[in-house]
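Below is input35.txt, holding compact mmCIF, C-alpha atoms and all ligand atoms.
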# COMPACT_ATOMS: atom_id res chain seq x y z
CA MET A 261 0.00 0.00 0.00
CA CYS A 262 1.15 3.48 -0.82
CA SER A 263 1.58 6.22 1.79
CA ILE A 264 -0.93 8.55 0.06
CA THR A 265 -3.68 6.57 1.70
CA SER A 266 -2.95 7.92 5.19
CA ASN A 267 -5.36 10.87 4.87
CA VAL A 268 -8.22 8.81 3.58
CA PRO A 269 -10.82 7.97 6.24
CA SER A 270 -11.00 4.27 6.97
CA LYS A 271 -14.67 4.30 6.03
CA PHE A 272 -13.57 4.75 2.44
CA TYR A 273 -12.04 1.29 2.46
CA ASN A 274 -15.20 -0.24 3.85
CA LEU A 275 -17.24 0.94 0.91
CA CYS A 276 -18.32 -1.68 -1.57
CA ARG A 277 -16.16 -1.17 -4.63
CA LEU A 278 -19.09 -1.77 -6.96
CA CYS A 279 -22.10 -0.03 -5.39
CA LEU A 280 -20.59 2.17 -2.65
CA SER A 281 -22.74 0.69 0.04
CA CYS A 282 -21.14 0.53 3.44
CA PRO A 283 -22.45 -2.62 5.11
CA VAL A 284 -20.06 -2.32 8.05
CA LEU A 285 -21.65 0.95 9.18
CA GLU A 286 -25.16 -0.05 8.18
CA ASP A 287 -24.86 -3.31 10.01
CA ASN A 288 -27.46 -2.34 12.59
CA GLN A 289 -30.14 -2.19 9.95
CA CYS A 290 -28.99 -5.08 7.85
CA LYS A 291 -27.38 -7.84 9.84
CA ASP A 292 -26.51 -10.13 6.98
CA ALA A 293 -24.92 -7.44 4.89
CA LYS A 294 -21.23 -8.23 4.78
CA LEU A 295 -18.20 -7.40 2.78
CA GLU A 296 -16.14 -9.79 0.79
CA ARG A 297 -12.49 -9.17 0.01
CA ILE A 298 -11.83 -8.84 -3.72
CA PHE A 299 -8.36 -10.28 -3.42
CA ASP A 300 -9.14 -13.25 -1.33
CA ASP A 301 -6.70 -16.13 -1.25
CA VAL A 302 -9.46 -18.45 -2.34
CA GLU A 303 -8.53 -18.71 -5.98
CA GLU A 304 -11.79 -20.25 -7.10
CA ARG A 305 -13.71 -17.06 -6.39
CA ASN A 306 -11.63 -15.14 -8.87
CA ILE A 307 -13.46 -11.90 -8.16
CA PRO A 308 -11.04 -9.53 -9.99
CA ARG A 309 -11.38 -11.55 -13.18
CA LYS A 310 -15.17 -11.66 -12.87
CA ILE A 311 -15.32 -7.90 -12.36
CA MET A 312 -13.12 -7.38 -15.40
CA THR A 313 -15.05 -9.83 -17.55
CA CYS A 314 -18.54 -8.70 -16.62
CA LEU A 315 -18.09 -5.01 -15.82
CA SER A 316 -14.92 -4.05 -17.68
CA ILE A 317 -13.52 -2.57 -14.48
CA MET A 318 -9.88 -3.21 -13.75
CA VAL A 319 -9.32 -3.88 -10.07
CA LYS A 320 -5.78 -4.04 -8.78
CA ASP A 321 -4.60 -4.85 -5.30
CA ASP A 322 -2.49 -1.68 -5.22
CA ASP A 323 -4.89 0.78 -6.84
CA GLN A 324 -5.67 2.42 -3.46
CA LEU A 325 -9.38 1.99 -3.89
CA PRO A 326 -11.64 -0.12 -1.68
CA GLN A 327 -10.68 -3.79 -1.89
CA VAL A 328 -14.05 -5.13 -0.83
CA ILE A 329 -17.44 -5.75 -2.35
CA CYS A 330 -20.72 -6.32 -0.55
CA ILE A 331 -22.34 -9.74 -0.54
CA ARG A 332 -25.20 -8.47 -2.69
CA CYS A 333 -22.80 -7.33 -5.42
CA SER A 334 -20.83 -10.54 -5.04
CA GLU A 335 -23.97 -12.57 -5.69
CA GLN A 336 -24.95 -10.42 -8.65
CA LEU A 337 -21.46 -10.78 -10.06
CA ASP A 338 -21.67 -14.57 -9.80
CA VAL A 339 -25.06 -14.63 -11.53
CA LEU A 340 -23.84 -12.31 -14.28
CA TYR A 341 -20.66 -14.29 -14.76
CA GLY A 342 -22.59 -17.55 -14.86
CA PHE A 343 -24.99 -16.15 -17.42
CA LYS A 344 -22.13 -14.91 -19.55
CA GLU A 345 -20.41 -18.30 -19.44
CA THR A 346 -23.65 -20.06 -20.33
CA ALA A 347 -24.29 -17.75 -23.28
CA LYS A 348 -20.71 -18.16 -24.46
CA LYS A 349 -20.95 -21.93 -24.29
CA ALA A 350 -24.31 -21.91 -26.08
CA GLU A 351 -22.78 -19.85 -28.87
CA ILE A 352 -19.93 -22.32 -29.27
CA LEU A 353 -22.28 -25.30 -29.27
CA LEU A 354 -24.58 -23.65 -31.80
CA HIS A 355 -21.63 -23.09 -34.11
CA GLN A 356 -20.47 -26.66 -33.59
CA PHE A 357 -23.95 -27.90 -34.36
CA LEU A 358 -24.11 -25.87 -37.53
CA MET A 359 -20.71 -27.12 -38.63
CA CYS A 360 -21.78 -30.66 -37.94
CA MET A 361 -24.85 -30.12 -40.10
CA LYS A 362 -22.75 -28.73 -42.90
CA GLU A 363 -20.45 -31.73 -42.75
CA LEU A 364 -23.45 -33.99 -43.06
CA GLU A 365 -24.59 -32.25 -46.20
CA GLY A 366 -24.21 -34.53 -49.14
CA THR A 367 -23.82 -37.63 -47.01
CA THR A 368 -26.37 -40.38 -47.19
CA GLN A 369 -27.31 -40.18 -43.50
CA LYS A 370 -30.86 -39.33 -42.62
CA LYS A 371 -30.79 -35.67 -41.77
CA GLN A 372 -33.76 -35.69 -39.42
CA GLN A 373 -32.11 -38.00 -36.95
CA ILE A 374 -28.80 -36.28 -36.40
CA PRO A 375 -30.05 -32.75 -35.60
CA LYS A 376 -32.31 -34.06 -32.88
CA LEU A 377 -29.48 -35.90 -31.19
CA ASN A 378 -27.14 -32.93 -31.28
CA LEU A 379 -29.72 -30.47 -30.05
CA LYS A 380 -30.30 -32.72 -27.08
CA LEU A 381 -26.61 -32.60 -26.36
CA LEU A 382 -26.60 -28.83 -26.72
CA LYS A 383 -29.44 -28.40 -24.27
CA SER A 384 -27.92 -30.68 -21.67
CA ASN A 385 -24.59 -28.91 -21.94
CA VAL A 386 -26.15 -25.51 -21.37
CA ARG A 387 -28.10 -26.83 -18.42
CA THR A 388 -24.95 -28.28 -16.88
CA THR A 389 -23.18 -24.96 -17.20
CA ARG A 390 -25.99 -23.10 -15.51
CA LYS A 391 -26.14 -25.58 -12.68
CA LYS A 392 -22.41 -25.43 -12.14
CA ASN A 393 -22.34 -21.66 -12.01
CA LEU A 394 -25.08 -21.44 -9.45
CA GLN A 395 -23.17 -23.55 -6.98
ZN ZN A 401 -22.12 -3.64 -3.38

Give the structure from this file in structure tokens form.
Ligand SMILES: [Zn+2]
Amino acid sequence: MCSITSNVPSKFYNLCRLCLSCPVLEDNQCKDAKLERIFDDVEERNIPRKIMTCLSIMVKDDDQLPQVICIRCSEQLDVLYGFKETAKKAEILLHQFLMCMKELEGTTQKKQQIPKLNLKLLKSNVRTTRKKNLQ
């Protein structure tokens, strides 16, 4: 941390980086409002990457801005990130499906059977992604 931060009131660092709420001070009204550290050691959370991916905001551990987000924002970020991943995966599978169909063109296989099978696969894949991201 840089020395410039010495004049900044500590409240500043308890503000949610994403919505500026201050759950620590508002705790009397909202008991389950908590803050989550952006740069937690738990690598799976990957909050900085999620913020960058979903919100195009670069968060650095030495940028002298609040290093916490509130639980509400954290949940929204997870939902948004999950949705983005699902949509991305759907896009890939749709392209794969289309390519598969194009490859089948001109072959003697019955075209009605193959699309049904692949669409089933597509749907189950998207569902799996959604489920995984909600955990
Ligand atoms: Zn927030």

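In this model, the gap between atom CA of A:Asn267 and atom CA of A:Asp300 comes to 25.2 Å.
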
Quick one: residues within 12 Å of A:Tyr273, only C-alpha atoms counted, chain neighbours fewer than 5 positions away excluded, as a PyMOL selection string?
chain A and resi 265-268+280-285+295-298+323-330

Go through A:Asp301, A:Lys294, A:Met361, A:Leu315 one by one, measure the shortest atom-to-atom distance of each to A:Asp338 using all atoms listed in the file, and give the residue with the smallest value.
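When distances to A:Asp338 are compared using all atoms listed in the file, the smallest one comes from A:Leu315.
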
Within 12 Å of (-16.2, -12.7, -14.1), all atoms listed in the file: residues as a ChimeraX atom specification?
/A:298,304-319,334-345,393

Nearest to ligand ZN 401 (chain A) by atom-to-atom distance, counting all atoms listed in the file, from A:Leu353, A:Thr346, A:Leu364, A:Cys279:
A:Cys279

Using all atoms listed in the file, can you tell me which of A:Lys271, A:Lys320, A:Thr367, A:Ile331 comes closest to ligand ZN 401 (chain A)?
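For ligand ZN 401 (chain A), the nearest of the given residues is A:Ile331.
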
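One finds atom CA of A:Cys333 at 28.3 Å from atom CA of A:Ile352.
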
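The interatomic distance for the pair atom CA of A:Asp322 and atom CA of A:Pro269 works out to 17.1 Å.
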
Which one of A:Gln356, A:Asn274, A:Ala347, A:Lys362 sits closest to ligand ZN 401 (chain A) if you count only C-alpha atoms and all ligand atoms?
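Looking only at the distances to ligand ZN 401 (chain A), the closest residue turns out to be A:Asn274.
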
Choose the residue, out of A:Glu365, A:His355, A:Cys276, A:Asp321, that has the smallest atom-to-atom separation from ligand ZN 401 (chain A); count only C-alpha atoms and all ligand atoms.
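Closest residue, counting only C-alpha atoms and all ligand atoms: A:Cys276.
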
When you count only C-alpha atoms and all ligand atoms, which of these residues is closest to ligand ZN 401 (chain A): A:Lys349, A:Leu278, A:Leu354, A:Phe299?
A:Leu278
